[in-house]
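K.L.:
my_file17.csv is reproduced below (CSV, C-alpha atoms).
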chain,number,residue,atom,x,y,z
A,127,MET,CA,75.0,145.1,135.7
A,128,SER,CA,72.7,147.8,137.1
A,129,TYR,CA,74.4,151.0,138.0
A,130,ARG,CA,73.7,152.6,141.4
A,131,GLY,CA,75.8,155.7,141.6
A,132,LEU,CA,76.2,158.5,144.2
A,133,TYR,CA,77.8,161.8,143.2
A,134,ILE,CA,80.4,163.0,145.6
A,135,TYR,CA,83.2,165.6,145.9
A,136,PRO,CA,86.8,164.8,146.8
A,137,TRP,CA,86.6,166.9,149.9
A,138,ASP,CA,83.7,164.8,151.2
A,139,ILE,CA,85.7,161.7,150.7
A,140,ALA,CA,88.6,163.3,152.6
A,141,ASP,CA,86.1,164.1,155.4
A,142,GLN,CA,85.6,160.3,156.1
A,143,GLU,CA,87.7,159.1,159.0
A,144,ASP,CA,86.9,155.4,158.2
A,145,LEU,CA,86.9,154.8,154.5
A,146,PRO,CA,86.3,151.0,154.7
A,147,GLY,CA,83.3,151.7,156.9
A,148,PHE,CA,82.1,154.4,154.6
A,149,ALA,CA,82.3,152.0,151.6
A,150,THR,CA,80.3,149.4,153.6
A,151,ASP,CA,77.7,152.0,154.6
A,152,MET,CA,77.3,153.1,150.9
A,153,GLN,CA,76.8,149.5,149.8
A,154,ALA,CA,74.3,148.9,152.6
A,155,ILE,CA,72.0,151.5,151.0
A,156,GLY,CA,72.4,150.0,147.6
A,157,ILE,CA,75.2,152.2,146.1
A,158,ASN,CA,77.8,150.3,144.0
A,159,THR,CA,79.5,153.3,142.4
A,160,LEU,CA,80.9,156.6,143.6
A,161,CYS,CA,80.8,159.4,140.9
A,162,VAL,CA,83.7,161.4,142.2
A,163,ALA,CA,84.4,164.9,140.9
A,164,SER,CA,87.7,164.7,139.1
A,165,ALA,CA,87.5,168.1,137.4
A,166,TYR,CA,85.2,170.8,138.7
A,167,HIS,CA,84.3,174.5,138.8
A,168,ALA,CA,84.0,177.1,141.5
A,169,GLY,CA,81.0,177.2,143.9
A,170,LYS,CA,79.7,177.9,147.4
A,171,PHE,CA,78.4,174.7,148.9
A,172,LEU,CA,76.5,174.1,152.1
A,173,ARG,CA,77.5,170.8,153.7
A,174,PRO,CA,74.9,169.7,156.2
A,175,HIS,CA,77.0,166.9,157.7
A,176,GLY,CA,80.5,168.2,156.8
A,177,ARG,CA,83.1,167.5,159.4
A,178,GLY,CA,85.7,169.9,158.2
A,179,GLY,CA,83.4,173.0,157.9
A,180,LYS,CA,79.8,173.5,156.8
A,181,VAL,CA,80.4,175.9,153.9
A,182,PHE,CA,83.0,175.1,151.2
A,183,PHE,CA,84.4,177.1,148.3
A,184,PRO,CA,86.0,174.8,145.7
A,185,GLN,CA,89.0,175.9,143.9
A,186,ASP,CA,87.9,177.2,140.5
A,187,GLY,CA,88.4,174.9,137.5
A,188,ALA,CA,90.6,172.4,139.3
A,189,VAL,CA,91.6,168.8,138.4
A,190,TYR,CA,91.7,166.5,141.4
A,191,LEU,CA,93.6,163.5,139.9
A,192,PRO,CA,97.2,163.5,138.8
A,193,THR,CA,97.9,164.4,135.2
A,194,ARG,CA,100.9,164.3,132.8
A,195,PRO,CA,101.7,167.9,131.9
A,196,GLU,CA,103.8,166.8,128.9
A,197,THR,CA,100.7,165.5,127.1
A,198,TYR,CA,99.0,168.9,126.9
A,199,GLY,CA,99.4,171.7,124.4
A,200,THR,CA,98.6,175.4,124.8
A,201,ILE,CA,95.9,174.8,127.5
A,202,ARG,CA,97.0,172.9,130.6
A,203,PRO,CA,94.9,171.8,133.5
A,204,ILE,CA,94.8,173.7,136.8
A,205,MET,CA,95.8,171.2,139.5
A,206,ALA,CA,93.9,171.2,142.7
A,207,GLU,CA,95.8,172.2,145.8
A,208,GLN,CA,94.4,169.2,147.5
A,209,GLY,CA,93.6,166.3,145.2
A,210,LEU,CA,91.9,163.0,145.5
A,211,GLY,CA,94.5,160.6,147.0
A,212,VAL,CA,95.3,157.4,145.1
A,213,ASP,CA,95.3,155.6,148.4
A,214,ALA,CA,91.7,156.6,149.1
A,215,MET,CA,90.7,155.4,145.7
A,216,GLN,CA,92.4,152.1,146.3
A,217,VAL,CA,90.7,151.6,149.6
A,218,LEU,CA,87.2,152.3,148.2
A,219,ARG,CA,87.8,150.0,145.3
A,220,ALA,CA,89.2,147.3,147.6
A,221,HIS,CA,86.0,147.5,149.6
A,222,GLY,CA,83.7,146.9,146.8
A,223,LEU,CA,82.9,150.2,145.2
A,224,SER,CA,83.4,151.2,141.5
A,225,LEU,CA,84.7,154.7,140.8
A,226,SER,CA,83.3,156.9,138.1
A,227,ALA,CA,85.3,160.1,137.3
A,228,TRP,CA,82.8,162.9,137.0
A,229,THR,CA,84.6,165.4,134.7
A,230,VAL,CA,83.4,168.9,134.1
A,231,LEU,CA,85.1,169.6,130.9
A,232,PHE,CA,84.6,173.1,129.4
A,233,HIS,CA,82.6,175.0,132.1
A,234,ASN,CA,85.8,176.5,133.5
A,235,THR,CA,86.0,180.2,134.4
A,236,ALA,CA,89.6,180.0,135.6
A,237,LEU,CA,90.8,178.6,132.3
A,238,GLY,CA,88.5,180.9,130.3
A,239,ALA,CA,89.9,183.9,132.1
A,240,ARG,CA,93.4,182.7,131.5
A,241,TYR,CA,92.8,181.9,127.8
A,242,PRO,CA,90.0,184.4,126.7
A,243,GLN,CA,90.9,183.8,123.1
A,244,PHE,CA,89.6,180.2,123.5
A,245,ALA,CA,86.3,181.1,125.3
A,246,CYS,CA,82.9,181.7,123.9
A,247,HIS,CA,82.2,185.1,122.3
A,248,ASN,CA,78.6,186.2,121.6
A,249,ALA,CA,77.3,188.0,118.5
A,250,PHE,CA,78.4,191.3,120.0
A,251,GLY,CA,81.9,190.0,120.7
A,252,ASP,CA,81.5,189.8,124.5
A,253,CYS,CA,83.6,187.0,126.0
A,254,TYR,CA,82.0,184.4,128.3
A,255,PRO,CA,85.0,183.1,130.3
A,256,TYR,CA,82.9,180.4,132.0
A,257,SER,CA,82.6,178.6,128.7
A,258,LEU,CA,85.5,177.3,126.7
A,259,CYS,CA,84.6,176.9,123.0
A,260,PRO,CA,84.9,173.3,121.6
A,261,SER,CA,85.5,174.7,118.1
A,262,HIS,CA,89.0,175.6,118.9
A,263,ARG,CA,91.5,172.9,118.3
A,264,GLU,CA,93.4,173.9,121.4
A,265,VAL,CA,90.3,173.4,123.6
A,266,ARG,CA,89.5,170.1,121.9
A,267,ALA,CA,93.1,168.9,122.5
A,268,TYR,CA,92.8,169.9,126.2
A,269,GLY,CA,89.5,168.0,126.6
A,270,ILE,CA,90.9,164.9,125.0
A,271,SER,CA,94.1,164.9,126.9
A,272,LEU,CA,92.3,165.5,130.2
A,273,CYS,CA,89.9,162.7,129.7
A,274,ARG,CA,92.7,160.4,128.6
A,275,ASP,CA,94.7,161.2,131.7
A,276,ILE,CA,91.8,160.7,134.1
A,277,ALA,CA,90.6,157.5,132.5
A,278,ALA,CA,94.2,156.1,132.7
A,279,HIS,CA,94.1,155.9,136.5
A,280,PRO,CA,93.9,152.2,137.4
A,281,HIS,CA,91.0,152.7,139.8
A,282,ILE,CA,88.7,154.5,137.4
A,283,ASP,CA,86.0,152.3,135.8
A,284,ASP,CA,83.9,154.9,134.1
A,285,LEU,CA,84.1,158.5,132.9
A,286,VAL,CA,81.0,160.8,133.2
A,287,ILE,CA,81.6,163.9,131.1
A,288,GLU,CA,79.7,167.1,131.8
A,289,THR,CA,79.7,170.3,129.7
A,290,SER,CA,81.3,168.9,126.6
A,291,GLY,CA,79.7,171.8,124.6
A,292,TRP,CA,78.9,175.4,125.1
A,293,GLN,CA,77.2,176.7,128.2
A,294,PRO,CA,73.9,178.4,127.8
A,295,PHE,CA,73.6,182.1,128.6
A,296,HIS,CA,72.0,181.7,132.0
A,297,HIS,CA,74.5,179.3,133.6
A,298,GLY,CA,77.8,179.4,135.3
A,299,PHE,CA,79.0,182.8,136.3
A,300,HIS,CA,79.3,184.4,139.7
A,301,HIS,CA,76.4,186.6,140.7
A,302,GLU,CA,74.6,186.6,137.3
A,303,MET,CA,72.3,189.6,137.0
A,304,SER,CA,69.6,190.4,134.5
A,305,LEU,CA,66.4,192.4,135.1
A,306,LEU,CA,64.8,191.2,131.9
A,307,SER,CA,62.4,188.3,132.1
A,308,PRO,CA,63.6,184.9,130.9
A,309,ASN,CA,63.0,184.5,127.2
A,310,PRO,CA,64.0,181.3,125.4
A,311,TRP,CA,64.5,183.1,122.1
A,312,SER,CA,66.7,186.0,123.3
A,313,ASP,CA,68.5,183.7,125.8
A,314,THR,CA,69.3,181.2,123.1
A,315,LEU,CA,70.7,183.8,120.8
A,316,LEU,CA,72.7,185.3,123.6
A,317,GLY,CA,74.2,181.9,124.3
A,318,LEU,CA,75.5,181.3,120.7
A,319,CYS,CA,79.2,181.5,120.1
A,320,PHE,CA,80.5,183.5,117.2
A,321,CYS,CA,84.2,183.4,118.0
A,322,GLY,CA,86.7,183.2,115.1
A,323,ALA,CA,86.9,179.4,115.3
A,324,CYS,CA,83.1,179.0,115.1
A,325,VAL,CA,82.6,181.5,112.3
A,326,ALA,CA,85.5,180.1,110.3
A,327,GLY,CA,84.5,176.5,110.9
A,328,ALA,CA,80.8,177.1,110.0
A,329,THR,CA,81.7,179.2,107.0
A,330,GLY,CA,84.0,176.4,105.8
A,331,ALA,CA,81.1,174.0,106.0
A,332,GLY,CA,79.1,176.3,103.6
A,333,ILE,CA,77.1,178.1,106.3
A,334,GLY,CA,76.6,181.9,106.1
A,335,ALA,CA,77.8,182.3,109.7
A,336,CYS,CA,78.7,186.0,109.3
A,337,GLY,CA,75.1,186.7,108.2
A,338,VAL,CA,73.7,184.8,111.1
A,339,ARG,CA,75.9,186.7,113.6
A,340,GLN,CA,74.7,190.0,112.0
A,341,ARG,CA,71.0,189.0,112.2
A,342,VAL,CA,71.4,187.9,115.8
A,343,ARG,CA,72.9,191.3,116.7
A,344,GLU,CA,70.1,193.1,115.0
A,345,HIS,CA,67.3,190.9,116.5
A,346,LEU,CA,68.8,191.2,120.0
A,347,SER,CA,69.4,195.0,119.7
A,348,ALA,CA,65.8,195.5,118.6
A,349,TYR,CA,64.5,193.4,121.4
A,350,PHE,CA,66.5,195.2,124.1
A,351,ALA,CA,65.2,198.5,122.7
A,352,ARG,CA,61.6,197.5,123.3
A,353,ARG,CA,59.5,199.1,126.0
A,354,GLY,CA,58.8,195.8,127.8
A,355,ASP,CA,59.7,192.1,127.9
A,356,GLY,CA,58.0,189.4,125.9
A,357,THR,CA,56.5,186.4,127.6
A,358,ALA,CA,58.2,183.0,127.8
A,359,ALA,CA,55.5,181.5,125.6
A,360,ALA,CA,56.1,184.2,123.0
A,361,GLY,CA,59.8,183.6,123.2
A,362,HIS,CA,59.2,179.9,122.4
A,363,ASP,CA,57.2,180.9,119.4
A,364,ARG,CA,59.8,183.4,118.2
A,365,LEU,CA,62.6,180.8,118.6
A,366,MET,CA,60.6,178.2,116.6
A,367,HIS,CA,60.1,180.8,113.9
A,368,ALA,CA,63.8,181.7,113.7
A,369,VAL,CA,64.9,178.0,113.5
A,370,LEU,CA,62.2,177.2,110.9
A,371,PHE,CA,62.8,180.2,108.5
A,372,ASP,CA,66.5,181.1,109.0
A,373,ASP,CA,68.2,178.3,107.0
A,374,ASP,CA,71.7,179.4,108.0
A,375,LEU,CA,70.8,179.6,111.7
A,376,ARG,CA,69.4,176.1,111.6
A,377,ALA,CA,72.5,174.9,109.8
A,378,PHE,CA,74.7,176.7,112.3
A,379,LEU,CA,72.9,175.0,115.2
A,380,ARG,CA,73.3,171.6,113.6
A,381,TRP,CA,77.0,172.3,112.8
A,382,ARG,CA,77.5,173.1,116.5
A,383,CYS,CA,76.0,169.7,117.4
A,384,GLY,CA,78.5,168.0,115.0
A,385,GLN,CA,81.4,169.7,116.8
A,386,VAL,CA,80.4,168.3,120.2
A,387,THR,CA,79.5,164.8,118.8
A,388,SER,CA,82.9,164.5,117.0
A,389,LEU,CA,84.8,165.6,120.1
A,390,VAL,CA,83.1,163.0,122.3
A,391,ALA,CA,83.8,160.4,119.7
A,392,GLU,CA,87.5,161.4,119.7
A,393,ILE,CA,87.5,161.1,123.5
A,394,ARG,CA,85.9,157.7,123.4
A,395,GLN,CA,88.5,156.6,120.9
A,396,ALA,CA,91.4,158.0,122.9
A,397,ILE,CA,90.8,156.1,126.1
A,398,SER,CA,90.9,152.4,127.0
A,399,PRO,CA,87.8,150.4,126.0
A,400,ASP,CA,87.9,149.0,129.6
A,401,VAL,CA,86.7,152.4,130.8
A,402,SER,CA,83.1,153.3,129.8
A,403,VAL,CA,82.2,156.8,128.8
A,404,HIS,CA,78.9,158.4,129.6
A,405,VAL,CA,77.9,162.0,129.0
A,406,ILE,CA,75.6,164.4,130.9
A,407,PRO,CA,74.0,166.0,127.8
A,408,SER,CA,72.6,169.2,129.3
A,409,VAL,CA,72.3,171.6,132.2
A,410,GLN,CA,68.8,172.4,130.9
A,411,ALA,CA,65.8,171.4,133.0
A,412,SER,CA,64.6,169.6,129.9
A,413,PRO,CA,67.3,167.4,128.3
A,414,VAL,CA,65.5,167.8,124.9
A,415,GLN,CA,66.7,171.4,124.9
A,416,ALA,CA,70.3,170.2,125.0
A,417,TRP,CA,70.8,171.3,121.3
A,418,VAL,CA,71.2,174.8,122.8
A,419,GLU,CA,74.5,173.6,124.1
A,420,GLY,CA,75.5,171.8,121.0
A,421,THR,CA,74.1,168.4,121.9
A,422,ASP,CA,72.4,166.1,119.5
A,423,LEU,CA,71.0,163.4,121.9
A,424,ALA,CA,70.8,160.6,119.3
A,425,ALA,CA,74.2,161.3,117.8
A,426,LEU,CA,75.9,161.8,121.1
A,427,ALA,CA,74.5,158.5,122.5
A,428,GLY,CA,76.1,156.8,119.5
A,429,ALA,CA,79.4,158.4,120.1
A,430,CYS,CA,79.9,157.1,123.6
A,431,ASP,CA,78.6,154.4,125.9
A,432,GLY,CA,75.4,156.2,126.9
A,433,LEU,CA,73.9,159.3,128.4
A,434,GLU,CA,73.4,160.2,132.1
A,435,VAL,CA,70.3,162.4,132.2
A,436,CYS,CA,69.4,164.7,135.2
A,437,LEU,CA,65.7,164.3,135.9
A,438,TYR,CA,65.1,166.8,138.7
A,439,GLY,CA,61.8,167.9,140.2
A,440,ALA,CA,58.8,166.8,142.2
A,441,ASP,CA,56.3,166.4,139.3
A,442,THR,CA,56.7,162.7,138.5
A,443,ARG,CA,54.3,162.9,135.5
A,444,ALA,CA,56.4,165.7,133.9
A,445,LEU,CA,59.6,163.8,134.8
A,446,LEU,CA,58.4,160.6,133.1
A,447,SER,CA,57.4,162.6,130.1
A,448,ARG,CA,60.9,164.1,129.9
A,449,PHE,CA,62.5,160.6,130.2
A,450,GLU,CA,60.2,159.2,127.5
A,451,ASP,CA,61.1,162.1,125.2
A,452,VAL,CA,64.8,161.4,125.6
A,453,HIS,CA,64.3,157.7,125.2
A,454,ASP,CA,62.3,158.2,122.0
A,455,ILE,CA,65.0,160.4,120.5
A,456,MET,CA,67.9,158.1,121.4
A,457,PRO,CA,68.9,155.1,119.2
A,458,ASP,CA,67.5,151.7,120.1
A,459,GLN,CA,69.6,149.8,122.8
A,460,ALA,CA,71.4,153.1,123.8
A,461,SER,CA,72.2,153.2,127.5
A,462,LEU,CA,70.3,155.8,129.5
A,463,ARG,CA,71.0,156.5,133.1
A,464,ALA,CA,68.8,158.7,135.4
A,465,VAL,CA,70.1,161.1,138.0
A,466,LEU,CA,67.7,162.1,140.8
A,467,ARG,CA,68.0,164.5,143.9
A,468,PRO,CA,66.6,162.9,147.1
A,469,ALA,CA,66.3,166.3,148.7
A,470,ALA,CA,63.8,168.8,150.0
A,471,CYS,CA,64.1,170.9,147.0
A,472,ASP,CA,62.3,168.2,145.0
A,473,PHE,CA,60.5,166.0,147.6
A,474,SER,CA,58.6,166.6,150.8
A,475,ASP,CA,59.3,163.1,152.2
A,476,ALA,CA,60.8,159.8,151.6
A,477,ALA,CA,57.6,158.2,150.3
A,478,SER,CA,57.3,160.7,147.4
A,479,PHE,CA,61.0,160.1,146.4
A,480,CYS,CA,60.6,156.4,146.6
A,481,ALA,CA,57.5,156.5,144.4
A,482,GLN,CA,59.3,158.5,141.8
A,483,VAL,CA,62.2,156.0,141.7
A,484,ASP,CA,59.7,153.2,141.4
A,485,ALA,CA,57.8,155.0,138.6
A,486,LEU,CA,61.0,155.4,136.6
A,487,ALA,CA,61.9,151.8,137.1
A,488,GLN,CA,58.4,150.8,135.9
A,489,HIS,CA,59.1,152.8,132.8
A,490,GLY,CA,62.3,150.9,132.1
A,491,VAL,CA,65.0,152.8,133.9
A,492,ARG,CA,67.6,150.3,135.0
A,493,ASP,CA,70.5,152.5,136.0
A,494,PHE,CA,70.2,155.3,138.7
A,495,ALA,CA,72.5,157.8,140.2
A,496,PHE,CA,71.8,160.3,143.0
A,497,TYR,CA,73.0,163.9,143.6
A,498,ASN,CA,75.0,164.7,145.8
A,499,PHE,CA,76.4,163.2,149.0
A,500,GLY,CA,77.9,166.4,150.4
A,501,HIS,CA,74.8,168.5,149.8
A,502,LEU,CA,72.3,166.1,151.3
A,503,ARG,CA,71.2,165.7,154.9
A,504,ARG,CA,72.0,162.2,156.4
A,505,GLU,CA,68.3,161.5,156.4
A,506,ASN,CA,68.0,162.2,152.7
A,507,ILE,CA,70.9,159.8,152.0
A,508,ASN,CA,68.8,157.2,153.9
A,509,TRP,CA,66.0,157.8,151.4
A,510,ILE,CA,68.2,156.3,148.7
A,511,GLY,CA,68.4,153.0,150.6
A,512,GLN,CA,64.6,152.9,151.0
A,513,ALA,CA,64.1,153.6,147.3
A,514,LEU,CA,66.6,151.1,146.1
A,515,GLY,CA,65.5,148.5,148.6
A,516,ASP,CA,62.3,148.0,146.6
A,517,LEU,CA,64.2,147.5,143.3
A,518,PRO,CA,66.0,144.4,142.1
A,519,ALA,CA,69.5,144.5,143.7
A,520,PRO,CA,72.5,144.5,141.4
A,521,THR,CA,75.2,142.0,142.3
A,522,GLY,CA,78.9,142.9,142.5
A,523,ARG,CA,80.5,146.0,141.0
A,524,ALA,CA,78.9,148.0,138.3
A,525,SER,CA,80.5,148.1,134.9
Translate the structure of the given file into structure tokens.

P.N.:
Amino acid sequence: MSYRGLYIYPWDIADQEDLPGFATDMQAIGINTLCVASAYHAGKFLRPHGRGGKVFFPQDGAVYLPTRPETYGTIRPIMAEQGLGVDAMQVLRAHGLSLSAWTVLFHNTALGARYPQFACHNAFGDCYPYSLCPSHREVRAYGISLCRDIAAHPHIDDLVIETSGWQPFHHGFHHEMSLLSPNPWSDTLLGLCFCGACVAGATGAGIGACGVRQRVREHLSAYFARRGDGTAAAGHDRLMHAVLFDDDLRAFLRWRCGQVTSLVAEIRQAISPDVSVHVIPSVQASPVQAWVEGTDLAALAGACDGLEVCLYGADTRALLSRFEDVHDIMPDQASLRAVLRPAACDFSDAASFCAQVDALAQHGVRDFAFYNFGHLRRENINWIGQALGDLPAPTGRAS
């Protein structure tokens, strides 16, 4: 069954005065699944057609579906002050829509600030509270319990997990500030976690993690002491050199990928086979760079039911190349969903958006999702209907 998803927040569902009518409207434009945020981070969101206000500040790190506190260990979820009502879920399901639980797992500043010992720490020992570290057994236990709880809700058909690994350096904290030019080498090194659990785990696997941490400190300190920035292209070259010639760094990066893959496999095993599990592998513009976050695309695709890849941007040729890169890396027959933004930040008009959807379909994309109901103008939501109207229509509810 083809998947036609639309990402949406609980507060945007609560905004609807006529849920049956809303469900009908969504199906009329070709949507058969709502990807509802069930666990999410803080933000500042402009809502062009919001009824209950135009600018919304979500509660930081909150979970929007009921959980069972007794199933958690040291780390417990932060429950939203206003969750997603079970009645609303039942109405949406009864009127023909599937529900996918969009679950932001370890990008959680509120929990990182509450439990800094379980957050990422860089080579200098600085704590990144916006990124819980999946090497800690307490963090892993939290992630597994949360996914099990969310997937156990009777109206949930699918789990879409985001941030199952480490956050990169340039993502996720309020008012990030750096006057240095972006550099893939220094940024990657700054994003690596060398907390006690990472160093102990990698050392136990035969990797010289303490030496890697020391070299990363020295390299970054020397770079910061330079008179000027390196170029992005030079940074790519330096990163390639580091990965090629520092055997322990390369082993450490691969070990990190194993941590994330094994966690996702444990989540898949912990929940009912009736609920599918898909993973958004990266917050990078290029999903191939997901290894920076601890994601091995091929291994991760084999540990769950498939990947949901964000393909954002107006350059269709570049986007198709990104899709084909991911497709080539993944195992044969692995499920690959594409997420697009039908918005002015990527497209000047409906025709260019529809052409991109068609191009992806011509390259074998069968399953699409669109981001995000609350952020889009009404006109842009209509673009989805125009684009999907030219594709073979799925019948019934998506699996």

K.L.:
I'd like to know which of A:Phe499, A:Trp509, A:Phe371, A:Trp381 is closest to Gln142 in chain A, using only C-alpha atoms.

P.N.:
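Smallest separation from Gln142 in chain A among the options: A:Phe499.
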
K.L.:
Excluding Gly222 in chain A and residues on its chain fewer than 6 positions from it, collect all residues at most 12 Å away from it, counting all atoms listed in the file, and give them as a list in words.

P.N.:
Leu145, Pro146, Gly147, Phe148, Ala149, Thr150, Asp151, Met152, Gln153, Ala154, Gly156, Ile157, Asn158, Thr159, Leu160, Met215, Gln216, His281, Thr521, Gly522, Arg523 and Ala524 of chain A

K.L.:
Which residues, written as a PDB file with C-alpha atoms, in the coordinates of the input, have at least one atom at most 12 Å from Gly384 in chain A, with only C-alpha atoms counted and residues fewer than 4 positions away on the same chain left out?

P.N.:
ATOM      1  CA  PRO A 260      84.900 173.300 121.600  1.00  0.00           C
ATOM      2  CA  SER A 261      85.500 174.700 118.100  1.00  0.00           C
ATOM      3  CA  SER A 290      81.300 168.900 126.600  1.00  0.00           C
ATOM      4  CA  GLY A 291      79.700 171.800 124.600  1.00  0.00           C
ATOM      5  CA  CYS A 324      83.100 179.000 115.100  1.00  0.00           C
ATOM      6  CA  GLY A 327      84.500 176.500 110.900  1.00  0.00           C
ATOM      7  CA  ALA A 328      80.800 177.100 110.000  1.00  0.00           C
ATOM      8  CA  ALA A 331      81.100 174.000 106.000  1.00  0.00           C
ATOM      9  CA  ALA A 377      72.500 174.900 109.800  1.00  0.00           C
ATOM     10  CA  PHE A 378      74.700 176.700 112.300  1.00  0.00           C
ATOM     11  CA  LEU A 379      72.900 175.000 115.200  1.00  0.00           C
ATOM     12  CA  ARG A 380      73.300 171.600 113.600  1.00  0.00           C
ATOM     13  CA  SER A 388      82.900 164.500 117.000  1.00  0.00           C
ATOM     14  CA  LEU A 389      84.800 165.600 120.100  1.00  0.00           C
ATOM     15  CA  VAL A 390      83.100 163.000 122.300  1.00  0.00           C
ATOM     16  CA  ALA A 391      83.800 160.400 119.700  1.00  0.00           C
ATOM     17  CA  TRP A 417      70.800 171.300 121.300  1.00  0.00           C
ATOM     18  CA  GLU A 419      74.500 173.600 124.100  1.00  0.00           C
ATOM     19  CA  GLY A 420      75.500 171.800 121.000  1.00  0.00           C
ATOM     20  CA  THR A 421      74.100 168.400 121.900  1.00  0.00           C
ATOM     21  CA  ASP A 422      72.400 166.100 119.500  1.00  0.00           C
ATOM     22  CA  LEU A 423      71.000 163.400 121.900  1.00  0.00           C
ATOM     23  CA  ALA A 424      70.800 160.600 119.300  1.00  0.00           C
ATOM     24  CA  ALA A 425      74.200 161.300 117.800  1.00  0.00           C
ATOM     25  CA  LEU A 426      75.900 161.800 121.100  1.00  0.00           C
ATOM     26  CA  ALA A 429      79.400 158.400 120.100  1.00  0.00           C
TER      27      ALA A 429
END

K.L.:
What's around Leu237 in chain A at 12 Å? Count only C-alpha atoms, leave out sequence neighbours fewer than 4 positions away in its own chain, and write the answer as JSON, numbers by chain.

P.N.:
{"A": [166, 167, 168, 186, 187, 188, 189, 200, 201, 202, 203, 204, 205, 231, 232, 233, 241, 242, 243, 244, 245, 246, 254, 255, 256, 257, 258, 259, 265, 268]}

K.L.:
In Å, how far is it from CA of Val483 in chain A to CA of Leu445 in chain A?

P.N.:
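Distance reported for this atom pair: 10.7 Å.
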
K.L.:
Measuring between all atoms listed in the file, which one of A:Arg266, A:His404, A:Arg177, A:Arg352 shows the shortest distance to Ala227 in chain A?

P.N.:
A:His404

K.L.:
I'd like the neighbourhood of Leu375 in chain A as a list in words, where a residue qualifies if any of its atoms comes within 8 Å (using all atoms listed in the file), though same-chain residues fewer than 6 positions away should be ignored.

P.N.:
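Close residues of Leu375 in chain A: Ala335, Val338, Ala368 and Val369 of chain A.
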
K.L.:
Can you list, as a count of residues only, every protein, DNA or RNA residue that comes within 12 Å of Asn309 in chain A when you count all atoms listed in the file, leaving out same-chain residues fewer than 2 positions away?

P.N.:
27

K.L.:
Which residue, A:His367, A:Ala469, A:Phe250, A:Pro294, has the smallest gap to Ala416 in chain A when you use all atoms listed in the file?

P.N.:
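Under the stated criterion, the closest residue is A:Pro294.
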